[in-house]
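structure_17.tsv (TSV, C-alpha atoms) appears below.
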```tsv
chain	number	residue	atom	x	y	z
A	1	MET	CA	-57.63	-60.26	14.67
A	2	THR	CA	-60.24	-58.95	17.03
A	3	ASP	CA	-62.99	-61.44	17.67
A	4	GLN	CA	-66.00	-59.86	16.03
A	5	SER	CA	-68.41	-61.38	18.54
A	6	ILE	CA	-67.01	-59.23	21.33
A	7	ALA	CA	-66.68	-55.98	19.40
A	8	LEU	CA	-68.79	-53.21	20.86
A	9	ASP	CA	-71.14	-51.36	18.53
A	10	GLU	CA	-71.22	-47.57	18.45
A	11	LEU	CA	-73.87	-47.09	21.11
A	12	GLU	CA	-72.31	-49.70	23.43
A	13	HIS	CA	-68.92	-48.04	23.07
A	14	ASP	CA	-70.57	-44.72	23.76
A	15	ALA	CA	-72.33	-46.06	26.85
A	16	LEU	CA	-69.13	-47.60	28.21
A	17	THR	CA	-67.23	-44.33	27.68
A	18	GLU	CA	-69.99	-42.51	29.52
A	19	LEU	CA	-69.88	-45.03	32.39
A	20	VAL	CA	-66.12	-44.59	32.67
A	21	ASN	CA	-66.48	-40.83	32.47
A	22	ILE	CA	-68.93	-40.74	35.35
A	23	GLY	CA	-66.88	-43.22	37.38
A	24	VAL	CA	-63.65	-41.29	36.89
A	25	SER	CA	-65.36	-37.96	37.58
A	26	ARG	CA	-66.48	-39.25	40.97
A	27	ALA	CA	-63.00	-40.65	41.59
A	28	ALA	CA	-61.57	-37.20	40.80
A	29	VAL	CA	-63.88	-35.64	43.36
A	30	ASN	CA	-62.46	-38.06	45.95
A	31	LEU	CA	-58.89	-37.34	44.90
A	32	ARG	CA	-59.52	-33.62	45.05
A	33	LYS	CA	-60.67	-33.97	48.66
A	34	MET	CA	-57.45	-35.81	49.49
A	35	VAL	CA	-54.98	-33.44	47.82
A	36	GLY	CA	-56.86	-30.18	48.32
A	37	GLU	CA	-56.25	-29.06	44.72
A	38	GLN	CA	-58.25	-29.36	41.54
A	39	VAL	CA	-57.78	-32.56	39.56
A	40	LEU	CA	-58.11	-32.13	35.80
A	41	LEU	CA	-59.30	-35.05	33.68
A	42	SER	CA	-58.99	-35.87	30.01
A	43	VAL	CA	-61.76	-37.40	27.95
A	44	PRO	CA	-61.60	-41.18	28.47
A	45	SER	CA	-60.33	-43.46	25.79
A	46	VAL	CA	-61.89	-46.91	25.43
A	47	GLU	CA	-60.32	-49.43	23.08
A	48	VAL	CA	-60.28	-53.14	22.44
A	49	VAL	CA	-56.59	-53.94	21.91
A	50	THR	CA	-54.08	-56.71	22.40
A	51	ARG	CA	-52.42	-56.79	25.79
A	52	GLN	CA	-49.15	-55.95	24.06
A	53	HIS	CA	-50.68	-52.88	22.45
A	54	ALA	CA	-52.01	-51.69	25.81
A	55	VAL	CA	-48.45	-51.77	27.14
A	56	THR	CA	-47.28	-49.84	24.08
A	57	LEU	CA	-49.98	-47.20	24.53
A	58	ILE	CA	-48.69	-46.35	28.00
A	59	ARG	CA	-45.03	-46.62	26.97
A	60	GLU	CA	-45.50	-44.19	24.10
A	61	ARG	CA	-46.51	-41.58	26.64
A	62	GLU	CA	-44.03	-42.41	29.37
A	63	ASN	CA	-40.28	-42.86	29.21
A	64	ASP	CA	-39.88	-42.61	32.96
A	65	ASP	CA	-40.17	-45.48	35.37
A	66	LEU	CA	-43.72	-45.92	36.50
A	67	ILE	CA	-45.29	-46.57	39.82
A	68	ALA	CA	-48.82	-47.87	40.11
A	69	VAL	CA	-51.45	-48.88	42.58
A	70	ARG	CA	-53.17	-51.97	41.31
A	71	GLN	CA	-56.45	-53.49	42.32
A	72	ASP	CA	-57.89	-56.56	40.71
A	73	PHE	CA	-61.62	-56.96	40.59
A	74	ASP	CA	-63.93	-59.82	39.89
A	75	GLY	CA	-67.61	-60.53	39.89
A	76	VAL	CA	-69.75	-60.68	36.78
A	77	PHE	CA	-66.74	-59.30	34.97
A	78	SER	CA	-63.14	-59.21	36.04
A	79	GLY	CA	-59.98	-57.33	35.35
A	80	ARG	CA	-57.52	-54.90	36.80
A	81	ALA	CA	-57.68	-51.23	37.66
A	82	LEU	CA	-54.55	-49.13	37.97
A	83	LEU	CA	-53.64	-45.68	39.14
A	84	ILE	CA	-50.38	-45.00	37.31
A	85	PHE	CA	-47.93	-42.15	37.45
A	86	PRO	CA	-44.24	-41.49	36.80
A	87	GLU	CA	-42.14	-42.60	39.76
A	88	THR	CA	-40.72	-39.06	39.98
A	89	ASN	CA	-44.21	-37.80	40.95
A	90	SER	CA	-44.66	-40.30	43.73
A	91	LEU	CA	-43.36	-38.30	46.69
A	92	ALA	CA	-45.19	-35.18	45.52
A	93	LEU	CA	-48.43	-37.15	45.62
A	94	VAL	CA	-47.66	-38.57	49.07
A	95	LYS	CA	-46.95	-35.05	50.35
A	96	ALA	CA	-50.11	-33.72	48.75
A	97	VAL	CA	-52.37	-36.33	50.35
A	98	THR	CA	-50.73	-35.73	53.73
A	99	HIS	CA	-51.21	-31.95	53.33
A	100	ASP	CA	-47.48	-31.14	53.40
A	101	MET	CA	-47.10	-32.22	56.99
A	102	LEU	CA	-44.32	-34.71	56.31
A	103	SER	CA	-40.60	-34.23	55.75
A	104	ASP	CA	-38.98	-35.95	52.75
A	105	GLU	CA	-37.79	-38.79	55.00
A	106	GLU	CA	-41.19	-39.27	56.57
A	107	ALA	CA	-42.90	-39.16	53.18
A	108	LEU	CA	-40.47	-41.75	51.84
A	109	ALA	CA	-41.05	-43.99	54.86
A	110	MET	CA	-44.78	-44.12	54.33
A	111	GLU	CA	-44.77	-43.85	50.53
A	112	ASP	CA	-46.27	-47.24	49.73
A	113	GLU	CA	-48.88	-47.04	52.44
A	114	ALA	CA	-50.03	-43.58	51.36
A	115	LEU	CA	-50.09	-44.54	47.69
A	116	ALA	CA	-52.06	-47.71	48.36
A	117	GLU	CA	-54.65	-45.78	50.32
A	118	THR	CA	-54.91	-43.07	47.64
A	119	GLY	CA	-55.23	-45.69	44.92
A	120	ASN	CA	-57.83	-47.55	46.93
A	121	ILE	CA	-60.04	-44.48	47.29
A	122	VAL	CA	-59.68	-43.38	43.67
A	123	LEU	CA	-60.08	-46.82	42.08
A	124	ASN	CA	-62.90	-47.89	44.38
A	125	GLY	CA	-64.75	-44.66	43.65
A	126	CYS	CA	-64.46	-45.33	39.95
A	127	LEU	CA	-65.30	-49.04	39.99
A	128	ALA	CA	-68.09	-48.79	42.54
A	129	THR	CA	-69.80	-46.09	40.48
A	130	MET	CA	-69.57	-48.22	37.36
A	131	ALA	CA	-70.77	-51.35	39.17
A	132	ASN	CA	-73.73	-49.47	40.63
A	133	MET	CA	-74.76	-48.15	37.24
A	134	LEU	CA	-74.54	-51.66	35.82
A	135	GLN	CA	-76.41	-52.94	38.90
A	136	LYS	CA	-73.80	-55.60	39.64
A	137	SER	CA	-71.44	-55.84	42.55
A	138	LEU	CA	-67.72	-56.33	42.16
A	139	ASN	CA	-65.20	-57.76	44.61
A	140	MET	CA	-62.06	-55.70	44.86
A	141	SER	CA	-58.68	-57.03	45.95
A	142	LEU	CA	-56.52	-55.08	48.37
A	143	PRO	CA	-54.45	-52.38	46.71
A	144	GLU	CA	-50.88	-53.25	45.82
A	145	VAL	CA	-48.11	-50.84	44.92
A	146	ILE	CA	-45.94	-51.95	42.01
A	147	ARG	CA	-43.01	-50.38	40.22
A	148	GLY	CA	-41.63	-50.93	36.76
A	149	GLY	CA	-42.51	-50.62	33.09
A	150	GLY	CA	-45.89	-50.94	31.42
A	151	LYS	CA	-45.44	-54.67	30.88
A	152	ILE	CA	-45.39	-55.50	34.58
A	153	LEU	CA	-48.45	-53.36	35.19
A	154	PHE	CA	-50.64	-55.07	32.64
A	155	GLU	CA	-49.82	-58.73	32.98
A	156	LEU	CA	-52.77	-60.51	34.46
A	157	ASP	CA	-50.64	-63.11	36.20
A	158	SER	CA	-53.22	-65.82	36.62
A	159	ARG	CA	-53.99	-66.01	32.92
A	160	PRO	CA	-51.10	-66.90	30.65
A	161	MET	CA	-52.41	-65.35	27.44
A	162	PRO	CA	-49.98	-62.63	26.42
A	163	GLU	CA	-51.48	-62.31	22.94
A	164	GLY	CA	-55.02	-62.08	24.29
A	165	VAL	CA	-57.31	-59.19	23.51
A	166	VAL	CA	-58.27	-56.86	26.32
A	167	LEU	CA	-60.59	-53.95	26.79
A	168	PHE	CA	-58.33	-51.05	27.66
A	169	LEU	CA	-59.69	-47.88	29.22
A	170	TYR	CA	-57.56	-44.97	30.22
A	171	ILE	CA	-57.86	-41.38	31.22
A	172	ASN	CA	-55.18	-38.81	32.10
A	173	PHE	CA	-55.31	-36.72	35.20
A	174	THR	CA	-53.21	-33.75	36.24
A	175	ILE	CA	-52.91	-31.74	39.42
A	176	ASN	CA	-51.35	-28.60	38.03
A	177	GLU	CA	-50.74	-26.93	41.38
A	178	ARG	CA	-48.58	-29.88	42.36
A	179	ASP	CA	-47.01	-30.83	39.03
A	180	ILE	CA	-48.52	-34.27	39.39
A	181	ARG	CA	-49.87	-36.19	36.43
A	182	GLY	CA	-50.85	-39.75	35.80
A	183	TYR	CA	-53.44	-42.16	34.44
A	184	ILE	CA	-56.29	-44.25	35.58
A	185	ALA	CA	-56.32	-47.40	33.48
A	186	MET	CA	-58.52	-50.43	33.43
A	187	LEU	CA	-57.94	-53.72	31.74
A	188	MET	CA	-60.59	-56.36	31.21
A	189	ASP	CA	-60.21	-59.84	29.82
A	190	VAL	CA	-62.09	-60.97	26.77
A	191	PRO	CA	-64.28	-63.58	28.52
A	192	SER	CA	-65.40	-60.76	30.81
A	193	LEU	CA	-65.88	-58.48	27.86
A	194	GLY	CA	-68.71	-60.63	26.55
A	195	THR	CA	-70.46	-60.26	29.89
A	196	LEU	CA	-69.72	-56.57	29.97
A	197	LYS	CA	-71.27	-56.18	26.51
A	198	MET	CA	-74.43	-57.84	27.79
A	199	LEU	CA	-74.52	-55.66	30.91
A	200	ILE	CA	-74.04	-52.53	28.83
A	201	GLY	CA	-76.92	-53.63	26.63
A	202	GLU	CA	-79.12	-53.93	29.72
A	203	PHE	CA	-77.88	-50.57	31.00
A	204	ILE	CA	-78.77	-48.90	27.69
A	205	ALA	CA	-82.19	-50.54	27.66
A	206	ARG	CA	-82.78	-49.38	31.23
A	207	ILE	CA	-81.88	-45.73	30.73
A	208	VAL	CA	-83.20	-45.31	27.21
A	209	GLY	CA	-86.04	-47.75	27.38
A	210	GLY	CA	-88.75	-46.90	29.84
A	211	GLY	CA	-90.84	-49.51	28.06
A	212	GLY	CA	-91.40	-47.51	24.89
A	213	THR	CA	-95.05	-47.07	25.83
A	214	THR	CA	-96.12	-43.98	27.70
B	1	MET	CA	-94.54	-19.47	23.62
B	2	ASP	CA	-92.18	-21.63	21.59
B	3	ILE	CA	-89.19	-22.81	23.57
B	4	THR	CA	-86.14	-24.42	21.99
B	5	VAL	CA	-83.65	-26.37	24.07
B	6	LEU	CA	-80.16	-27.31	22.89
B	7	VAL	CA	-78.44	-30.42	24.29
B	8	VAL	CA	-74.64	-30.50	23.88
B	9	ASP	CA	-72.94	-33.82	24.67
B	10	ASP	CA	-70.34	-35.88	22.82
B	11	SER	CA	-72.10	-39.06	23.96
B	12	LYS	CA	-74.96	-40.08	21.72
B	13	LEU	CA	-76.39	-42.15	24.56
B	14	ALA	CA	-76.34	-39.17	26.93
B	15	ARG	CA	-78.12	-37.07	24.28
B	16	ILE	CA	-80.80	-39.75	23.91
B	17	VAL	CA	-81.30	-39.94	27.68
B	18	MET	CA	-81.49	-36.16	28.09
B	19	GLY	CA	-83.75	-35.87	25.06
B	20	LYS	CA	-86.17	-38.44	26.48
B	21	ALA	CA	-86.28	-36.76	29.87
B	22	ILE	CA	-86.90	-33.35	28.28
B	23	THR	CA	-89.70	-34.77	26.14
B	24	ALA	CA	-91.31	-36.34	29.20
B	25	LEU	CA	-91.07	-33.16	31.27
B	26	GLN	CA	-91.60	-30.48	28.62
B	27	PRO	CA	-93.31	-32.18	25.66
B	28	ASP	CA	-93.95	-28.89	23.84
B	29	TRP	CA	-90.35	-27.81	23.70
B	30	THR	CA	-88.34	-28.15	20.48
B	31	ARG	CA	-85.17	-30.16	21.02
B	32	LEU	CA	-81.89	-29.66	19.16
B	33	GLU	CA	-78.60	-31.49	19.63
B	34	ALA	CA	-74.91	-30.81	19.16
B	35	SER	CA	-72.03	-33.19	19.81
B	36	ASN	CA	-69.32	-30.62	20.54
B	37	ALA	CA	-68.67	-26.94	21.26
B	38	ASP	CA	-68.20	-25.93	17.61
B	39	GLU	CA	-71.47	-27.52	16.56
B	40	ALA	CA	-73.20	-25.85	19.49
B	41	MET	CA	-71.89	-22.44	18.44
B	42	THR	CA	-73.10	-23.01	14.87
B	43	VAL	CA	-76.59	-23.85	16.17
B	44	VAL	CA	-76.63	-20.82	18.46
B	45	ASP	CA	-75.50	-18.51	15.63
B	46	GLY	CA	-78.19	-19.86	13.33
B	47	ARG	CA	-81.36	-19.57	15.40
B	48	LYS	CA	-82.92	-18.54	18.67
B	49	ILE	CA	-82.16	-20.93	21.53
B	50	ASP	CA	-83.88	-20.50	24.90
B	51	VAL	CA	-82.33	-23.17	27.13
B	52	ILE	CA	-78.99	-25.02	26.94
B	53	LEU	CA	-77.86	-28.26	28.60
B	54	LEU	CA	-74.14	-28.99	28.39
B	55	ASP	CA	-71.93	-31.94	29.18
B	56	PHE	CA	-68.73	-30.97	31.02
B	57	ASN	CA	-66.11	-33.44	29.77
B	58	MET	CA	-66.07	-33.30	25.94
B	59	PRO	CA	-63.28	-33.60	23.37
B	60	GLY	CA	-62.15	-30.18	22.18
B	61	LYS	CA	-63.54	-27.32	24.21
B	62	ASP	CA	-65.03	-28.51	27.52
B	63	GLY	CA	-68.59	-27.70	28.52
B	64	LEU	CA	-67.68	-25.30	31.30
B	65	THR	CA	-65.58	-23.11	29.01
B	66	LEU	CA	-68.32	-23.22	26.39
B	67	ALA	CA	-70.90	-22.29	29.04
B	68	GLU	CA	-68.84	-19.27	30.10
B	69	GLU	CA	-68.70	-18.07	26.49
B	70	LEU	CA	-72.43	-18.62	26.07
B	71	ARG	CA	-73.11	-16.77	29.33
B	72	ALA	CA	-71.20	-13.72	28.02
B	73	ARG	CA	-73.49	-13.67	24.97
B	74	PHE	CA	-76.74	-14.60	26.73
B	75	PRO	CA	-76.73	-13.11	30.23
B	76	ALA	CA	-80.22	-14.33	31.16
B	77	MET	CA	-80.43	-17.70	29.42
B	78	PRO	CA	-81.05	-20.80	31.60
B	79	ILE	CA	-77.89	-22.87	31.12
B	80	ALA	CA	-77.09	-26.10	32.96
B	81	ILE	CA	-73.97	-28.22	33.09
B	82	ALA	CA	-74.32	-31.99	33.49
B	83	THR	CA	-71.45	-33.73	35.29
B	84	ALA	CA	-70.47	-36.12	38.06
B	85	ASN	CA	-67.36	-34.00	38.55
B	86	VAL	CA	-68.44	-31.77	41.43
B	87	GLN	CA	-65.00	-30.62	42.54
B	88	ASP	CA	-65.01	-27.31	44.40
B	89	GLU	CA	-63.27	-25.47	41.55
B	90	VAL	CA	-65.78	-26.75	38.99
B	91	VAL	CA	-68.70	-25.77	41.21
B	92	ALA	CA	-67.19	-22.31	41.82
B	93	ARG	CA	-66.74	-21.64	38.09
B	94	ALA	CA	-70.27	-22.81	37.38
B	95	ARG	CA	-71.66	-20.55	40.11
B	96	ALA	CA	-69.67	-17.57	38.84
B	97	ALA	CA	-71.25	-18.08	35.40
B	98	ALA	CA	-74.72	-18.56	36.93
B	99	LEU	CA	-75.03	-22.13	35.67
B	100	SER	CA	-77.25	-24.84	37.11
B	101	PHE	CA	-75.85	-28.25	37.98
B	102	ILE	CA	-77.34	-31.55	36.83
B	103	ALA	CA	-75.92	-34.77	38.27
B	104	LYS	CA	-74.76	-37.47	35.87
B	105	PRO	CA	-76.12	-40.02	35.16
B	106	VAL	CA	-78.98	-37.77	34.09
B	107	THR	CA	-82.47	-38.81	35.14
B	108	GLU	CA	-85.90	-37.29	34.70
B	109	ASP	CA	-85.94	-36.41	38.41
B	110	GLY	CA	-82.53	-34.79	38.15
B	111	LEU	CA	-83.66	-32.60	35.26
B	112	ARG	CA	-87.06	-31.64	36.64
B	113	GLY	CA	-85.95	-28.75	38.86
B	114	PHE	CA	-83.83	-27.08	36.22
B	115	LEU	CA	-86.41	-27.43	33.43
B	116	SER	CA	-89.36	-26.18	35.45
B	117	GLY	CA	-87.26	-23.28	36.76
B	118	ALA	CA	-86.21	-22.44	33.20
B	119	ALA	CA	-89.83	-22.60	32.00
B	120	LEU	CA	-90.90	-20.19	34.73
B	121	ARG	CA	-88.12	-17.73	34.01
B	122	LEU	CA	-88.83	-17.76	30.29
B	123	ARG	CA	-92.54	-17.25	30.87
B	124	SER	CA	-92.05	-14.34	33.25
B	125	ALA	CA	-89.51	-12.73	30.91
B	126	ALA	CA	-91.99	-12.98	28.04
B	127	GLU	CA	-94.75	-11.23	29.95
```
Hey, can you dump this file as structure tokens for me?
Amino acid sequence: MTDQSIALDELEHDALTELVNIGVSRAAVNLRKMVGEQVLLSVPSVEVVTRQHAVTLIRERENDDLIAVRQDFDGVFSGRALLIFPETNSLALVKAVTHDMLSDEEALAMEDEALAETGNIVLNGCLATMANMLQKSLNMSLPEVIRGGGKILFELDSRPMPEGVVLFLYINFTINERDIRGYIAMLMDVPSLGTLKMLIGEFIARIVGGGGTT
Amino acid sequence: MDITVLVVDDSKLARIVMGKAITALQPDWTRLEASNADEAMTVVDGRKIDVILLDFNMPGKDGLTLAEELRARFPAMPIAIATANVQDEVVARARAAALSFIAKPVTEDGLRGFLSGAALRLRSAAE
């Protein structure tokens, strides 16, 4: 039931994957600086799916309760970026970003604050890189920590269109030294997707083009 | 001398961009492409390759692991890894395997240093 007009062709899909790859790579460099250990990344997956299917994609991988840092963005295109991991990894991440200087109680006390800041740095790094490459600026909301299942994470509350189609990007990350793993996910609404398709077209023309004449 | 460069990247767009930059900087070089590590190995087994440019994050075997294997077979070949992922561990592995770094997104300017260095090394080795 995907609207054909917003489907990405092979090269556009390729360009978007590459944009995400570069954005997430830079975000991983930031995260590595915070935790002091190497962050391993998977190859990004980019799909146009229903919102429901996006929830299922995360659920299939995760039975545990999830915790996420969420930032909404808007500008020429809008959507939501999430740093997601199993709730059981949460304190390990807080301890990692505070370089093991906190006790369990202290880590628990500042859990949300530390997660929000980590999410902010990772997600901003990713989105800012993508926005720069597309030569458009994006406004980012403040980070918010949320807990629950995939459904809560992916509902774009202002738009009541549960059956709507979204662009769903995700990438796994692991910090082996710390037994931490999670995902960076991004969700974009279909009206934005049309704009994104246009921006990607311009991006491709810019980097491939060079005018064609030499 | 004839120089053949192999570009290994799963992204067709990235291969186009790198190919264009190589053509602009070294128009006489022969360009070959592979979209993953297995294809790259097939190309390398089949003919003489002088210079290799690799993407880091690819499905299957990643570019850094592939580069380390290539380095074991070709101790003196100019090999570069293209990535935005400049974490300390990645940089350390690349250094240990004597790889050059190229920042992604790849531009002509970003490639210039590596390609001219490679051209010089190949020329002096041939003499």
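For the point (-60.7, -56.0, 39.1), the residues with an atom at a distance of at most 9 Å are Arg70, Gln71, Asp72, Phe73, Asp74, Gly75, Phe77, Ser78, Gly79, Arg80, Ala81, Leu127, Leu138, Asn139, Met140, Ser141, Met186, Leu187 and Met188 of chain A, counting all atoms listed in the file.
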Protein/DNA/RNA residues near (-84.8, -20.0, 20.9), cut 9 Å, all atoms listed in the file, as a PDB file with C-alpha atoms, keeping the file's coordinate frame:
```pdb
ATOM      1  CA  ASP B   2     -92.180 -21.630  21.590  1.00  0.00           C
ATOM      2  CA  ILE B   3     -89.190 -22.810  23.570  1.00  0.00           C
ATOM      3  CA  THR B   4     -86.140 -24.420  21.990  1.00  0.00           C
ATOM      4  CA  VAL B   5     -83.650 -26.370  24.070  1.00  0.00           C
ATOM      5  CA  LEU B   6     -80.160 -27.310  22.890  1.00  0.00           C
ATOM      6  CA  THR B  30     -88.340 -28.150  20.480  1.00  0.00           C
ATOM      7  CA  VAL B  44     -76.630 -20.820  18.460  1.00  0.00           C
ATOM      8  CA  ARG B  47     -81.360 -19.570  15.400  1.00  0.00           C
ATOM      9  CA  LYS B  48     -82.920 -18.540  18.670  1.00  0.00           C
ATOM     10  CA  ILE B  49     -82.160 -20.930  21.530  1.00  0.00           C
ATOM     11  CA  ASP B  50     -83.880 -20.500  24.900  1.00  0.00           C
ATOM     12  CA  VAL B  51     -82.330 -23.170  27.130  1.00  0.00           C
TER      13      VAL B  51
END
```
Could you make a table, as a Markdown table, of the residues of chain B that have an atom within 10 Å of an atom of chain A, each with its nearest atom pair and distance in Å to one decimal, counting all atoms listed in the file, in chain and number order?
```
| residue | atom | partner | partner_atom | distance |
| --- | --- | --- | --- | --- |
| B:Asp10 | CA | A:Asp14 | CA | 8.9 |
| B:Ser11 | CA | A:Asp14 | CA | 5.9 |
| B:Lys12 | CA | A:Asp14 | CA | 6.7 |
| B:Leu13 | CA | A:Ala15 | CA | 6.1 |
| B:Ala14 | CA | A:Glu18 | CA | 7.6 |
| B:Ile16 | CA | A:Val208 | CA | 6.9 |
| B:Val17 | CA | A:Val208 | CA | 5.7 |
| B:Met18 | CA | A:Val208 | CA | 9.3 |
| B:Gly19 | CA | A:Val208 | CA | 9.7 |
| B:Lys20 | CA | A:Val208 | CA | 7.5 |
| B:Ala21 | CA | A:Val208 | CA | 9.5 |
| B:Ala24 | CA | A:Thr214 | CA | 9.2 |
| B:Phe56 | CA | A:Val43 | CA | 10.0 |
| B:Asn57 | CA | A:Val43 | CA | 6.2 |
| B:Met58 | CA | A:Val43 | CA | 6.3 |
| B:Pro59 | CA | A:Val43 | CA | 6.1 |
| B:Gly60 | CA | A:Val43 | CA | 9.3 |
| B:Asp62 | CA | A:Val43 | CA | 9.5 |
| B:Thr83 | CA | A:Ile22 | CA | 7.4 |
| B:Ala84 | CA | A:Ser25 | CA | 5.5 |
| B:Asn85 | CA | A:Ser25 | CA | 4.5 |
| B:Val86 | CA | A:Val29 | CA | 6.3 |
| B:Gln87 | CA | A:Val29 | CA | 5.2 |
| B:Asp88 | CA | A:Gln38 | CA | 7.6 |
| B:Glu89 | CA | A:Gln38 | CA | 6.4 |
| B:Val90 | CA | A:Gln38 | CA | 8.4 |
| B:Ala103 | CA | A:Ile22 | CA | 9.6 |
| B:Lys104 | CA | A:Ile22 | CA | 6.7 |
| B:Pro105 | CA | A:Ile22 | CA | 7.2 |
| B:Val106 | CA | A:Ile207 | CA | 9.1 |
| B:Thr107 | CA | A:Ile207 | CA | 8.2 |
```
Shell of 8 Å around Ala54 (chain A), all atoms listed in the file, local chain residues under 4 positions omitted, as a PDB file with C-alpha atoms, keeping the file's coordinate frame:
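Once everything was written out, this is out.pdb:
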```pdb
ATOM      1  CA  VAL A  49     -56.590 -53.940  21.910  1.00  0.00           C
ATOM      2  CA  THR A  50     -54.080 -56.710  22.400  1.00  0.00           C
ATOM      3  CA  ILE A  58     -48.690 -46.350  28.000  1.00  0.00           C
ATOM      4  CA  PHE A 154     -50.640 -55.070  32.640  1.00  0.00           C
ATOM      5  CA  PHE A 168     -58.330 -51.050  27.660  1.00  0.00           C
TER       6      PHE A 168
END
```
Excluding region 88-101 of chain A and its own-chain neighbours fewer than 3 positions away, which residues fall within 7 Å of it when counting all atoms listed in the file? Please give them as a list in words.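 Residues near the query, excluding close chain neighbours: Met34, Val35, Phe85, Ala107, Leu108, Glu111, Ala114, Leu115 and Ile180 of chain A.
Checking B:Ala125, B:Leu64, B:Leu53, B:Leu70 one by one against Ala92 (chain B), counting all atoms listed in the file, you find the shortest gap at B:Leu64.
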Please provide the set of residues having any atom within 9 Å of Ala94 (chain B), restricted to all atoms listed in the file, with same-chain residues fewer than 4 positions apart removed, written as an NGL selection string. :B and (64 or 67-68 or 80-81 or 89-90 or 98-101)
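Separating CA of Ala37 (chain B) from CA of Leu66 (chain B) is a distance of 6.3 Å.
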State, in Å with one decimal place, the distance from CA of Ala82 (chain B) to CA of Ile52 (chain B). 10.6 Å
For each of B:Met77, B:Ala72, B:Val7, B:Arg93, take the minimum atom-to-atom distance to Ala118 (chain B), counting only C-alpha atoms, then give the residue where this is smallest. B:Met77
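Between CA of Arg61 (chain A) and CA of Asn124 (chain A) there is a distance of 25.0 Å.
Of the residues listed (A:Glu62, A:Glu87, A:Asp189, A:Glu202), A:Asp189 shows the shortest atom-to-atom separation from Val166 (chain A); distances use all atoms listed in the file.
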